[in-house]
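**Student:** Please read through the structure below; I'll follow up with questions.
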Amino acid sequence: MNAYLTASAHAQDDPADFWRQQARLLDWMRFPQQIFEQQSREHYQWFADGQLNTCHLALDRHVEAGNGERLALIYDSPVTGQQQRFTYRQLLEQVARCAGMLRTLGVEQGDRVILYMPMIPEAVIGMLACARLGAVHSVVFGGFSAAELALRIDDAQPKVLLTASCGIEYERVVAYKPLVDKALESVAQPPAHVVVVARPQAAAELRAGRDADWQTLMACAEAVPAVALASGDPLYVLHTSGTTGKPKGVVRDNGGHAVALNYSMQAVYDAQPGEVFWAASDIGWVVGHSYIVYGPLIRGCTTLLYEGKPVRTPDAGAFWRVIAEHRVNVFFTAPTAFRAIKREDPHGALREGHDLSCLKAVYVAGERLDPATYDWLDQSLACPVIDHWWQTETGWPIVSTPHDACHCPIKPGSAGLPVPGYNLAIVDDQGDPLPCGEPGNIVLRLPLPPGVLTTLWRDRQRFVDSYLSTFPGYYLSGDGGYVDAEGYVFVMGRIDDVINVAGHRLSSGSLEEALGEHPAVAECAVVALDDVLKGEVPVGFVVLKQDAQIDPGQLERELIERVRERVGALASLRQVLVLKRLPKTRSGKILRKTIRGLARGPSVPVPATIEDPQVLDELRELFAQRGFYPDSQE
Ligand code: COA
Ligand code: AMP
């Protein structure tokens, strides 16, 4: 039997024994005697009486094992022309001092620290320093607006906020400090301290008494040791988009997370200690948490922090340059990044001359790997290209093709097979299991394996309502799909109103809130439409108030600007269409699926529940005017 099947059977038949063996691979401060404890179907805990420290696992233990001179972190920043390398010993020194700095600012175990940072080493150092103290970090993606940052500050109530004077988007300098200042004006409980990394590209104004300069504080900070934490203590909160405007604070524990990530580094990615692992994502997303920071370091790999884009920094050969130069063994990014490269360099001219023989495999996630992009990559690269499916909530892959490819071949269009530890099923809307090939809701049987979210920050009820209540005994993933006769999982997209733009997860609710605040708008809907580059882009549909007197072009510009201001540029909302009415069911539910269908082509099945079918004609006409149907005979 192959290794994948053996591990799957073991994890299913005796999960406690399976995860005990995985837990043994880490250095605990107290090894857990209780591997799995269950109070009820929905209440259970992994490694309850274990003690450990995630920063110790990621850094100290490698130094103590004599690997202090191994490279831990490579920072490669085409936008600044800078590179920096840290051995495990050097990174540990910085992190221990940063933890000392935080402690002098009053941060203790259980306190929260917000990071609003670009992709610079200080971001990784700050996260690990929080882990060292047992403080809970909450990283906010640098592309979010001041308003989104404020929402997350209000939820996390941090003692300290770490930021930098700016981020750099291609050649554009994005000043962060004014955004932080603006966010702090509106929050109920601002943090006592803001620490700012001064970058030469932009100066930041420091407010006396609250703000401090990172370098100045670090210069006099003393290194502090890692504290012993209970396995179930929270390591971080990471907010992700649900269907409403209020983000969900996914809570990750220490013990389950460390065990699961270490397992995934080996079982999913086949990454060996000392190898170079590069996840081209952002520390603001779960991919950055799991596979830029914690996973590679816990495993003893070298991780790569890339401050650049797949294209225009300086060109579509950027990824190949980085892989060849730093001898990357395992590479991970989102399909949209490859679509951007393919668009600019379809024949791979910019790949020529880069020695990619170091690459063992390329992994993609964040959205479905469409077969066209898969084919292009497969023909371009000598290594396997592996789609895999997971979510902020799970923190590590649910479905992937095992690297033992001779037993389990890659199936283009499928994200692979369930990773050992997960128990996946497809159910209909009543919760009844569906046979092979039939599409339905993708769910995971409880209990979930270690590392998956334990709750939502300060909102256990929302956790239960969002994930556990719809189908009792199952975790609701929010994705739809099917499983074929060989067990391969095909993920077909969200079944809720979550939008996926260039691998970034956004809620239609938050965009709708932004549109709905405009004085001329009576009603609105935001729907994700297909996009060749970004997978999906949001498009706004608004119904105006009867007395609204506004030029439609002007209104569209104002609404687009509002979304940039309220949510952030990453929302990529570029079109807003004015309608007389929104297509709705008789019970008032907006027919988003029908709108999506109509955007793809003029004929769609008319839902039996539609309130007024004529509204579809108006929409069809509007789509035609906007050039949505280039091939139809007008
Ligand atoms: N700080 C400030 N602004 C940011 C930002 C950040 N960290 N990240 C993105 N933005 C801005 C961009 O500058 C852009 O602004 P603009 O509308 O003024 O041009 C906007 O948000 C949209 O950004 P992006 O989604 O990056 O689109 P793009 O057109 O600039 O680039 C891709 C397209 C495909 C190259 C880019 O989306 C990409 O690299 N995607 C990979 C996604 C990824 O790694 N996802 C993580 C999941 S694994
Ligand atoms: P996030 O929580 O931001 O990582 O987004 C998770 C969502 O992205 C999932 O629920 C899916 O909708 C989508 N997603 C991630 N990976 C894949 C994949 N490999 N195939 C299809 N959809 C994916």
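Please note that chains go A, B, ... in the order of the structure tokens, that every chain numbers its residues from 1, and that ligands are numbered from 1 in the order shown.
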Give the strand (DSSP E) residues of range 250-421 of chain A, as DSSP finds them on the backbone, and put them as number ranges by chain.
**Tutor:** A: 250-253, 276-279, 302-306, 330-333, 361-364, 385-389, 399-400, 417-418
**Student:** Write to file, as a PDB file, in the first residue's frame, the residues of the selection just made, with N, CA and C atoms.
**Tutor:**
ATOM      1  N   VAL A 250     -10.574  34.495  12.802  1.00  0.00           N
ATOM      2  CA  VAL A 250     -10.221  33.075  12.941  1.00  0.00           C
ATOM      3  C   VAL A 250      -9.140  32.926  14.019  1.00  0.00           C
ATOM      4  N   VAL A 251      -9.399  32.069  15.003  1.00  0.00           N
ATOM      5  CA  VAL A 251      -8.446  31.878  16.101  1.00  0.00           C
ATOM      6  C   VAL A 251      -7.666  30.578  15.898  1.00  0.00           C
ATOM      7  N   ARG A 252      -6.357  30.689  15.974  1.00  0.00           N
ATOM      8  CA  ARG A 252      -5.502  29.516  15.822  1.00  0.00           C
ATOM      9  C   ARG A 252      -4.805  29.241  17.147  1.00  0.00           C
ATOM     10  N   ASP A 253      -4.761  27.980  17.545  1.00  0.00           N
ATOM     11  CA  ASP A 253      -4.073  27.637  18.794  1.00  0.00           C
ATOM     12  C   ASP A 253      -2.582  27.402  18.519  1.00  0.00           C
ATOM     13  N   VAL A 276      14.789  25.138   0.451  1.00  0.00           N
ATOM     14  CA  VAL A 276      14.247  26.503   0.352  1.00  0.00           C
ATOM     15  C   VAL A 276      12.782  26.431  -0.075  1.00  0.00           C
ATOM     16  N   PHE A 277      11.935  27.038   0.741  1.00  0.00           N
ATOM     17  CA  PHE A 277      10.483  27.016   0.519  1.00  0.00           C
ATOM     18  C   PHE A 277      10.038  28.448   0.264  1.00  0.00           C
ATOM     19  N   TRP A 278       9.352  28.646  -0.843  1.00  0.00           N
ATOM     20  CA  TRP A 278       8.885  30.011  -1.152  1.00  0.00           C
ATOM     21  C   TRP A 278       7.390  30.030  -1.413  1.00  0.00           C
ATOM     22  N   ALA A 279       6.679  30.714  -0.539  1.00  0.00           N
ATOM     23  CA  ALA A 279       5.259  30.975  -0.775  1.00  0.00           C
ATOM     24  C   ALA A 279       5.153  32.442  -1.195  1.00  0.00           C
ATOM     25  N   THR A 302      14.511  26.972   4.766  1.00  0.00           N
ATOM     26  CA  THR A 302      14.782  28.395   4.549  1.00  0.00           C
ATOM     27  C   THR A 302      13.539  28.967   3.892  1.00  0.00           C
ATOM     28  N   THR A 303      13.008  30.038   4.460  1.00  0.00           N
ATOM     29  CA  THR A 303      11.808  30.621   3.864  1.00  0.00           C
ATOM     30  C   THR A 303      12.174  31.903   3.124  1.00  0.00           C
ATOM     31  N   LEU A 304      11.357  32.232   2.131  1.00  0.00           N
ATOM     32  CA  LEU A 304      11.662  33.394   1.302  1.00  0.00           C
ATOM     33  C   LEU A 304      10.556  34.428   1.419  1.00  0.00           C
ATOM     34  N   LEU A 305      10.961  35.641   1.712  1.00  0.00           N
ATOM     35  CA  LEU A 305      10.007  36.747   1.845  1.00  0.00           C
ATOM     36  C   LEU A 305      10.236  37.658   0.643  1.00  0.00           C
ATOM     37  N   TYR A 306       9.231  37.730  -0.230  1.00  0.00           N
ATOM     38  CA  TYR A 306       9.404  38.425  -1.509  1.00  0.00           C
ATOM     39  C   TYR A 306       8.546  39.680  -1.531  1.00  0.00           C
ATOM     40  N   VAL A 330      10.669  24.277  -3.272  1.00  0.00           N
ATOM     41  CA  VAL A 330       9.213  24.138  -3.335  1.00  0.00           C
ATOM     42  C   VAL A 330       8.625  25.547  -3.452  1.00  0.00           C
ATOM     43  N   PHE A 331       7.770  25.727  -4.432  1.00  0.00           N
ATOM     44  CA  PHE A 331       7.216  27.051  -4.706  1.00  0.00           C
ATOM     45  C   PHE A 331       5.696  27.004  -4.635  1.00  0.00           C
ATOM     46  N   PHE A 332       5.109  28.044  -4.059  1.00  0.00           N
ATOM     47  CA  PHE A 332       3.668  28.093  -3.836  1.00  0.00           C
ATOM     48  C   PHE A 332       3.175  29.489  -4.201  1.00  0.00           C
ATOM     49  N   THR A 333       2.173  29.552  -5.043  1.00  0.00           N
ATOM     50  CA  THR A 333       1.539  30.853  -5.286  1.00  0.00           C
ATOM     51  C   THR A 333       0.088  30.644  -5.725  1.00  0.00           C
ATOM     52  N   ALA A 361       8.622  20.939  -6.954  1.00  0.00           N
ATOM     53  CA  ALA A 361       7.182  21.006  -7.239  1.00  0.00           C
ATOM     54  C   ALA A 361       6.701  22.447  -7.106  1.00  0.00           C
ATOM     55  N   VAL A 362       5.619  22.741  -7.831  1.00  0.00           N
ATOM     56  CA  VAL A 362       4.950  24.038  -7.711  1.00  0.00           C
ATOM     57  C   VAL A 362       3.529  23.766  -7.210  1.00  0.00           C
ATOM     58  N   TYR A 363       3.143  24.466  -6.156  1.00  0.00           N
ATOM     59  CA  TYR A 363       1.796  24.319  -5.584  1.00  0.00           C
ATOM     60  C   TYR A 363       1.006  25.601  -5.807  1.00  0.00           C
ATOM     61  N   VAL A 364      -0.264  25.448  -6.121  1.00  0.00           N
ATOM     62  CA  VAL A 364      -1.111  26.639  -6.232  1.00  0.00           C
ATOM     63  C   VAL A 364      -2.381  26.456  -5.411  1.00  0.00           C
ATOM     64  N   VAL A 385       2.985  20.224 -11.116  1.00  0.00           N
ATOM     65  CA  VAL A 385       2.242  21.431 -10.745  1.00  0.00           C
ATOM     66  C   VAL A 385       0.997  20.948 -10.007  1.00  0.00           C
ATOM     67  N   ILE A 386       0.896  21.307  -8.747  1.00  0.00           N
ATOM     68  CA  ILE A 386      -0.120  20.696  -7.883  1.00  0.00           C
ATOM     69  C   ILE A 386      -1.097  21.739  -7.350  1.00  0.00           C
ATOM     70  N   ASP A 387      -2.351  21.568  -7.714  1.00  0.00           N
ATOM     71  CA  ASP A 387      -3.417  22.404  -7.161  1.00  0.00           C
ATOM     72  C   ASP A 387      -3.761  21.833  -5.788  1.00  0.00           C
ATOM     73  N   HIS A 388      -4.048  22.674  -4.839  1.00  0.00           N
ATOM     74  CA  HIS A 388      -4.526  22.156  -3.547  1.00  0.00           C
ATOM     75  C   HIS A 388      -5.469  23.162  -2.924  1.00  0.00           C
ATOM     76  N   TRP A 389      -6.398  22.624  -2.142  1.00  0.00           N
ATOM     77  CA  TRP A 389      -7.513  23.435  -1.655  1.00  0.00           C
ATOM     78  C   TRP A 389      -7.509  23.549  -0.135  1.00  0.00           C
ATOM     79  N   VAL A 399      -7.159  19.330   0.807  1.00  0.00           N
ATOM     80  CA  VAL A 399      -7.122  18.448  -0.362  1.00  0.00           C
ATOM     81  C   VAL A 399      -5.871  18.785  -1.166  1.00  0.00           C
ATOM     82  N   SER A 400      -5.139  17.750  -1.571  1.00  0.00           N
ATOM     83  CA  SER A 400      -3.945  17.971  -2.389  1.00  0.00           C
ATOM     84  C   SER A 400      -3.595  16.659  -3.072  1.00  0.00           C
ATOM     85  N   LEU A 417      -6.739  14.746  -3.581  1.00  0.00           N
ATOM     86  CA  LEU A 417      -7.395  13.820  -2.649  1.00  0.00           C
ATOM     87  C   LEU A 417      -7.377  14.420  -1.239  1.00  0.00           C
ATOM     88  N   PRO A 418      -8.331  14.022  -0.385  1.00  0.00           N
ATOM     89  CA  PRO A 418      -8.318  14.561   0.981  1.00  0.00           C
ATOM     90  C   PRO A 418      -6.998  14.240   1.684  1.00  0.00           C
TER      91      PRO A 418
END
**Student:** Show me which residues line ligand 2, defined as having an atom within 7 Å of a ligand atom where only C-alpha atoms and all ligand atoms count, and present them as number ranges by chain.
**Tutor:** A: 240, 285-286, 364-369, 387-393, 415, 477-479, 491-494, 500, 503-505
**Student:** Could you please determine the separation between CA of Gly242 in chain A and CA of Gln157 in chain A in Å, to one decimal place?
**Tutor:** 20.3 Å
**Student:** List the spatial neighbours of Ser186 in chain A as a PDB file with C-alpha atoms, in the first residue's frame - criterion: any atom at most 9 Å away, only C-alpha atoms, same-chain residues fewer than 4 positions off excluded.
**Tutor:**
ATOM      1  CA  ALA A 147     -11.688  51.662   7.757  1.00  0.00           C
ATOM      2  CA  ALA A 150     -10.165  50.079  12.276  1.00  0.00           C
ATOM      3  CA  LYS A 182      -6.872  57.697  10.427  1.00  0.00           C
ATOM      4  CA  PRO A 190      -6.760  52.638  20.490  1.00  0.00           C
TER       5      PRO A 190
END
**Student:** Distance table requested - chain A against ligand 1, cut-off 8 Å, only C-alpha atoms and all ligand atoms: one row per qualifying residue with the closest atom pair and its distance in Å to one decimal, ordered by chain and rising residue number, as a Markdown table.
**Tutor:**
| residue | atom | partner | partner_atom_place_in_ligand_line | distance |
| --- | --- | --- | --- | --- |
| A:Pro118 | CA | ligand 1 | 7 (N) | 6.3 |
| A:Phe141 | CA | ligand 1 | 7 (N) | 6.3 |
| A:Gly142 | CA | ligand 1 | 7 (N) | 4.2 |
| A:Gly143 | CA | ligand 1 | 1 (N) | 3.4 |
| A:Phe144 | CA | ligand 1 | 1 (N) | 7.0 |
| A:Gly167 | CA | ligand 1 | 1 (N) | 6.1 |
| A:Ile168 | CA | ligand 1 | 1 (N) | 7.0 |
| A:Glu169 | CA | ligand 1 | 13 (O) | 5.1 |
| A:Tyr170 | CA | ligand 1 | 13 (O) | 7.3 |
| A:Arg172 | CA | ligand 1 | 13 (O) | 7.7 |
| A:Val174 | CA | ligand 1 | 2 (C) | 6.1 |
| A:Ala279 | CA | ligand 1 | 48 (S) | 7.7 |
| A:Ala280 | CA | ligand 1 | 44 (O) | 5.8 |
| A:Ser281 | CA | ligand 1 | 44 (O) | 3.9 |
| A:Asp282 | CA | ligand 1 | 46 (C) | 6.3 |
| A:Trp285 | CA | ligand 1 | 46 (C) | 6.5 |
| A:Val286 | CA | ligand 1 | 47 (C) | 7.9 |
| A:Val287 | CA | ligand 1 | 48 (S) | 5.7 |
| A:Gly288 | CA | ligand 1 | 48 (S) | 7.9 |
| A:Lys309 | CA | ligand 1 | 39 (O) | 5.1 |
| A:Pro310 | CA | ligand 1 | 39 (O) | 5.5 |
| A:Val311 | CA | ligand 1 | 35 (C) | 6.0 |
| A:Phe332 | CA | ligand 1 | 48 (S) | 7.5 |
| A:Thr333 | CA | ligand 1 | 48 (S) | 5.1 |
| A:Ala334 | CA | ligand 1 | 48 (S) | 4.5 |
| A:Pro335 | CA | ligand 1 | 41 (C) | 7.6 |
| A:Thr336 | CA | ligand 1 | 34 (C) | 4.9 |
| A:Ala337 | CA | ligand 1 | 34 (C) | 4.6 |
| A:Phe338 | CA | ligand 1 | 34 (C) | 7.7 |
| A:Arg339 | CA | ligand 1 | 34 (C) | 7.1 |
| A:Ala340 | CA | ligand 1 | 34 (C) | 5.2 |
| A:Ile341 | CA | ligand 1 | 35 (C) | 7.9 |
| A:Val364 | CA | ligand 1 | 48 (S) | 7.2 |
| A:Ala365 | CA | ligand 1 | 48 (S) | 5.7 |
| A:Gly366 | CA | ligand 1 | 47 (C) | 4.9 |
| A:Val501 | CA | ligand 1 | 25 (O) | 7.0 |
| A:Ala502 | CA | ligand 1 | 37 (O) | 4.8 |
| A:Gly503 | CA | ligand 1 | 45 (N) | 4.4 |
| A:His504 | CA | ligand 1 | 45 (N) | 5.6 |
| A:Leu533 | CA | ligand 1 | 34 (C) | 6.4 |
| A:Lys534 | CA | ligand 1 | 34 (C) | 6.0 |
| A:Gly568 | CA | ligand 1 | 21 (O) | 6.8 |
| A:Ala569 | CA | ligand 1 | 21 (O) | 3.9 |
| A:Leu570 | CA | ligand 1 | 21 (O) | 3.4 |
| A:Ala571 | CA | ligand 1 | 22 (C) | 6.6 |
| A:Ser572 | CA | ligand 1 | 22 (C) | 5.5 |
**Student:** Those same residues - C-alpha atoms - I'd like them written as a CSV table (one decimal), in the first residue's frame.
**Tutor:**
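The new file out_33.csv reads:
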chain,number,residue,atom,x,y,z
A,118,PRO,CA,4.5,45.5,4.2
A,141,PHE,CA,-3.1,42.9,5.0
A,142,GLY,CA,-1.4,46.1,4.0
A,143,GLY,CA,-3.8,46.7,1.1
A,144,PHE,CA,-6.8,47.2,3.4
A,167,GLY,CA,4.7,49.8,1.5
A,168,ILE,CA,5.7,49.8,-2.1
A,169,GLU,CA,3.3,48.8,-4.9
A,170,TYR,CA,5.3,48.4,-8.1
A,172,ARG,CA,4.0,53.6,-6.1
A,174,VAL,CA,1.9,53.7,-0.2
A,279,ALA,CA,5.3,31.0,-0.8
A,280,ALA,CA,4.7,34.0,-3.0
A,281,SER,CA,1.9,35.5,-1.0
A,282,ASP,CA,1.6,38.1,1.7
A,285,TRP,CA,-3.1,36.2,4.3
A,286,VAL,CA,-3.3,32.7,5.8
A,287,VAL,CA,-0.8,31.5,3.2
A,288,GLY,CA,1.7,34.0,4.6
A,309,LYS,CA,4.8,41.1,-7.8
A,310,PRO,CA,4.8,38.4,-10.5
A,311,VAL,CA,4.9,41.1,-13.2
A,332,PHE,CA,3.7,28.1,-3.8
A,333,THR,CA,1.5,30.9,-5.3
A,334,ALA,CA,-2.0,31.6,-6.6
A,335,PRO,CA,-3.1,30.7,-10.1
A,336,THR,CA,-3.8,34.4,-10.9
A,337,ALA,CA,-0.1,35.1,-10.5
A,338,PHE,CA,0.7,32.6,-13.3
A,339,ARG,CA,-2.1,34.0,-15.4
A,340,ALA,CA,-0.5,37.5,-15.1
A,341,ILE,CA,2.9,36.0,-16.2
A,364,VAL,CA,-1.1,26.6,-6.2
A,365,ALA,CA,-4.1,27.6,-4.1
A,366,GLY,CA,-6.4,30.5,-3.3
A,501,VAL,CA,-10.5,38.4,-6.4
A,502,ALA,CA,-7.0,37.4,-7.5
A,503,GLY,CA,-6.9,34.8,-4.6
A,504,HIS,CA,-8.0,37.5,-2.2
A,533,LEU,CA,-6.8,37.6,-15.0
A,534,LYS,CA,-8.2,37.7,-11.5
A,568,GLY,CA,-9.1,49.1,-0.2
A,569,ALA,CA,-7.8,49.1,-3.7
A,570,LEU,CA,-7.5,45.3,-3.7
A,571,ALA,CA,-11.2,45.0,-4.1
A,572,SER,CA,-10.7,45.9,-7.7
**Student:** List every residue of range 321-477 of chain A that DSSP, applied to the backbone of this structure, places in helix (DSSP H, G or I), and write the result as a PDB file with N, CA and C atoms, in the first residue's frame.
**Tutor:**
ATOM      1  N   ARG A 321      13.484  34.341 -11.909  1.00  0.00           N
ATOM      2  CA  ARG A 321      14.754  34.872 -11.396  1.00  0.00           C
ATOM      3  C   ARG A 321      14.928  34.477  -9.922  1.00  0.00           C
ATOM      4  N   VAL A 322      13.876  34.679  -9.134  1.00  0.00           N
ATOM      5  CA  VAL A 322      13.987  34.411  -7.687  1.00  0.00           C
ATOM      6  C   VAL A 322      14.204  32.914  -7.445  1.00  0.00           C
ATOM      7  N   ILE A 323      13.460  32.082  -8.168  1.00  0.00           N
ATOM      8  CA  ILE A 323      13.598  30.626  -7.972  1.00  0.00           C
ATOM      9  C   ILE A 323      15.030  30.185  -8.282  1.00  0.00           C
ATOM     10  N   ALA A 324      15.550  30.673  -9.412  1.00  0.00           N
ATOM     11  CA  ALA A 324      16.894  30.243  -9.821  1.00  0.00           C
ATOM     12  C   ALA A 324      17.958  30.811  -8.887  1.00  0.00           C
ATOM     13  N   GLU A 325      17.806  32.080  -8.541  1.00  0.00           N
ATOM     14  CA  GLU A 325      18.852  32.732  -7.738  1.00  0.00           C
ATOM     15  C   GLU A 325      18.943  32.154  -6.331  1.00  0.00           C
ATOM     16  N   HIS A 326      17.798  31.859  -5.721  1.00  0.00           N
ATOM     17  CA  HIS A 326      17.835  31.377  -4.331  1.00  0.00           C
ATOM     18  C   HIS A 326      17.674  29.864  -4.253  1.00  0.00           C
ATOM     19  N   PRO A 335      -2.969  30.820  -8.682  1.00  0.00           N
ATOM     20  CA  PRO A 335      -3.055  30.709 -10.148  1.00  0.00           C
ATOM     21  C   PRO A 335      -3.073  32.061 -10.849  1.00  0.00           C
ATOM     22  N   THR A 336      -3.709  33.060 -10.225  1.00  0.00           N
ATOM     23  CA  THR A 336      -3.801  34.378 -10.859  1.00  0.00           C
ATOM     24  C   THR A 336      -2.416  34.947 -11.163  1.00  0.00           C
ATOM     25  N   ALA A 337      -1.457  34.640 -10.312  1.00  0.00           N
ATOM     26  CA  ALA A 337      -0.092  35.142 -10.540  1.00  0.00           C
ATOM     27  C   ALA A 337       0.463  34.546 -11.833  1.00  0.00           C
ATOM     28  N   PHE A 338       0.202  33.265 -12.048  1.00  0.00           N
ATOM     29  CA  PHE A 338       0.680  32.639 -13.287  1.00  0.00           C
ATOM     30  C   PHE A 338      -0.093  33.155 -14.505  1.00  0.00           C
ATOM     31  N   ARG A 339      -1.371  33.464 -14.302  1.00  0.00           N
ATOM     32  CA  ARG A 339      -2.126  34.021 -15.445  1.00  0.00           C
ATOM     33  C   ARG A 339      -1.542  35.378 -15.845  1.00  0.00           C
ATOM     34  N   ALA A 340      -1.119  36.152 -14.828  1.00  0.00           N
ATOM     35  CA  ALA A 340      -0.513  37.460 -15.116  1.00  0.00           C
ATOM     36  C   ALA A 340       0.798  37.273 -15.887  1.00  0.00           C
ATOM     37  N   ILE A 341       1.578  36.264 -15.491  1.00  0.00           N
ATOM     38  CA  ILE A 341       2.862  36.003 -16.171  1.00  0.00           C
ATOM     39  C   ILE A 341       2.605  35.534 -17.601  1.00  0.00           C
ATOM     40  N   LYS A 342       1.648  34.619 -17.712  1.00  0.00           N
ATOM     41  CA  LYS A 342       1.331  34.052 -19.027  1.00  0.00           C
ATOM     42  C   LYS A 342       0.858  35.147 -19.995  1.00  0.00           C
ATOM     43  N   ARG A 343       0.085  36.080 -19.460  1.00  0.00           N
ATOM     44  CA  ARG A 343      -0.429  37.152 -20.317  1.00  0.00           C
ATOM     45  C   ARG A 343       0.719  37.994 -20.892  1.00  0.00           C
ATOM     46  N   GLU A 344       1.729  38.241 -20.049  1.00  0.00           N
ATOM     47  CA  GLU A 344       2.822  39.114 -20.502  1.00  0.00           C
ATOM     48  C   GLU A 344       3.925  38.365 -21.218  1.00  0.00           C
ATOM     49  N   ALA A 349       9.637  33.479 -22.824  1.00  0.00           N
ATOM     50  CA  ALA A 349      10.958  34.003 -23.213  1.00  0.00           C
ATOM     51  C   ALA A 349      11.733  34.446 -21.974  1.00  0.00           C
ATOM     52  N   LEU A 350      11.017  34.978 -20.986  1.00  0.00           N
ATOM     53  CA  LEU A 350      11.713  35.487 -19.799  1.00  0.00           C
ATOM     54  C   LEU A 350      12.118  34.377 -18.822  1.00  0.00           C
ATOM     55  N   ARG A 351      11.681  33.164 -19.141  1.00  0.00           N
ATOM     56  CA  ARG A 351      12.096  32.019 -18.311  1.00  0.00           C
ATOM     57  C   ARG A 351      13.467  31.500 -18.763  1.00  0.00           C
ATOM     58  N   PRO A 371      -7.831  24.624 -16.043  1.00  0.00           N
ATOM     59  CA  PRO A 371      -7.046  23.708 -16.874  1.00  0.00           C
ATOM     60  C   PRO A 371      -6.116  24.424 -17.866  1.00  0.00           C
ATOM     61  N   ALA A 372      -6.514  25.589 -18.409  1.00  0.00           N
ATOM     62  CA  ALA A 372      -5.646  26.281 -19.376  1.00  0.00           C
ATOM     63  C   ALA A 372      -4.345  26.726 -18.707  1.00  0.00           C
ATOM     64  N   THR A 373      -4.461  27.251 -17.504  1.00  0.00           N
ATOM     65  CA  THR A 373      -3.253  27.691 -16.792  1.00  0.00           C
ATOM     66  C   THR A 373      -2.432  26.473 -16.377  1.00  0.00           C
ATOM     67  N   TYR A 374      -3.130  25.408 -15.969  1.00  0.00           N
ATOM     68  CA  TYR A 374      -2.405  24.172 -15.625  1.00  0.00           C
ATOM     69  C   TYR A 374      -1.591  23.681 -16.825  1.00  0.00           C
ATOM     70  N   ASP A 375      -2.228  23.638 -18.001  1.00  0.00           N
ATOM     71  CA  ASP A 375      -1.540  23.128 -19.197  1.00  0.00           C
ATOM     72  C   ASP A 375      -0.313  23.977 -19.520  1.00  0.00           C
ATOM     73  N   TRP A 376      -0.488  25.288 -19.419  1.00  0.00           N
ATOM     74  CA  TRP A 376       0.623  26.194 -19.739  1.00  0.00           C
ATOM     75  C   TRP A 376       1.796  25.934 -18.784  1.00  0.00           C
ATOM     76  N   LEU A 377       1.472  25.785 -17.506  1.00  0.00           N
ATOM     77  CA  LEU A 377       2.531  25.558 -16.513  1.00  0.00           C
ATOM     78  C   LEU A 377       3.174  24.195 -16.706  1.00  0.00           C
ATOM     79  N   ASP A 378       2.325  23.216 -16.958  1.00  0.00           N
ATOM     80  CA  ASP A 378       2.813  21.848 -17.108  1.00  0.00           C
ATOM     81  C   ASP A 378       3.783  21.754 -18.290  1.00  0.00           C
ATOM     82  N   GLN A 379       3.464  22.493 -19.351  1.00  0.00           N
ATOM     83  CA  GLN A 379       4.366  22.464 -20.512  1.00  0.00           C
ATOM     84  C   GLN A 379       5.616  23.308 -20.271  1.00  0.00           C
ATOM     85  N   SER A 380       5.516  24.283 -19.352  1.00  0.00           N
ATOM     86  CA  SER A 380       6.649  25.185 -19.133  1.00  0.00           C
ATOM     87  C   SER A 380       7.666  24.619 -18.155  1.00  0.00           C
ATOM     88  N   ARG A 460     -17.916  32.842  19.950  1.00  0.00           N
ATOM     89  CA  ARG A 460     -18.106  31.388  19.799  1.00  0.00           C
ATOM     90  C   ARG A 460     -19.429  31.093  19.071  1.00  0.00           C
ATOM     91  N   GLN A 461     -20.449  31.907  19.369  1.00  0.00           N
ATOM     92  CA  GLN A 461     -21.751  31.638  18.762  1.00  0.00           C
ATOM     93  C   GLN A 461     -21.706  31.801  17.248  1.00  0.00           C
ATOM     94  N   ARG A 462     -20.974  32.832  16.793  1.00  0.00           N
ATOM     95  CA  ARG A 462     -20.873  33.027  15.339  1.00  0.00           C
ATOM     96  C   ARG A 462     -20.096  31.869  14.699  1.00  0.00           C
ATOM     97  N   PHE A 463     -19.113  31.361  15.436  1.00  0.00           N
ATOM     98  CA  PHE A 463     -18.355  30.197  14.957  1.00  0.00           C
ATOM     99  C   PHE A 463     -19.302  29.016  14.748  1.00  0.00           C
ATOM    100  N   VAL A 464     -20.111  28.749  15.760  1.00  0.00           N
ATOM    101  CA  VAL A 464     -21.050  27.623  15.672  1.00  0.00           C
ATOM    102  C   VAL A 464     -22.062  27.881  14.557  1.00  0.00           C
ATOM    103  N   ASP A 465     -22.596  29.103  14.520  1.00  0.00           N
ATOM    104  CA  ASP A 465     -23.619  29.415  13.508  1.00  0.00           C
ATOM    105  C   ASP A 465     -23.046  29.339  12.088  1.00  0.00           C
ATOM    106  N   SER A 466     -21.830  29.847  11.915  1.00  0.00           N
ATOM    107  CA  SER A 466     -21.267  29.918  10.558  1.00  0.00           C
ATOM    108  C   SER A 466     -20.832  28.567  10.029  1.00  0.00           C
ATOM    109  N   TYR A 467     -20.292  27.737  10.916  1.00  0.00           N
ATOM    110  CA  TYR A 467     -19.624  26.536  10.407  1.00  0.00           C
ATOM    111  C   TYR A 467     -20.254  25.214  10.836  1.00  0.00           C
ATOM    112  N   LEU A 468     -20.873  25.196  12.012  1.00  0.00           N
ATOM    113  CA  LEU A 468     -21.265  23.896  12.572  1.00  0.00           C
ATOM    114  C   LEU A 468     -22.767  23.649  12.612  1.00  0.00           C
TER     115      LEU A 468
END
**Student:** Taking only C-alpha atoms into account, which of A:Val195, A:Leu52, A:Met117, A:Val443 comes nearest Val140 in chain A?
**Tutor:**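 For Val140 in chain A, the nearest of the candidates is A:Met117.
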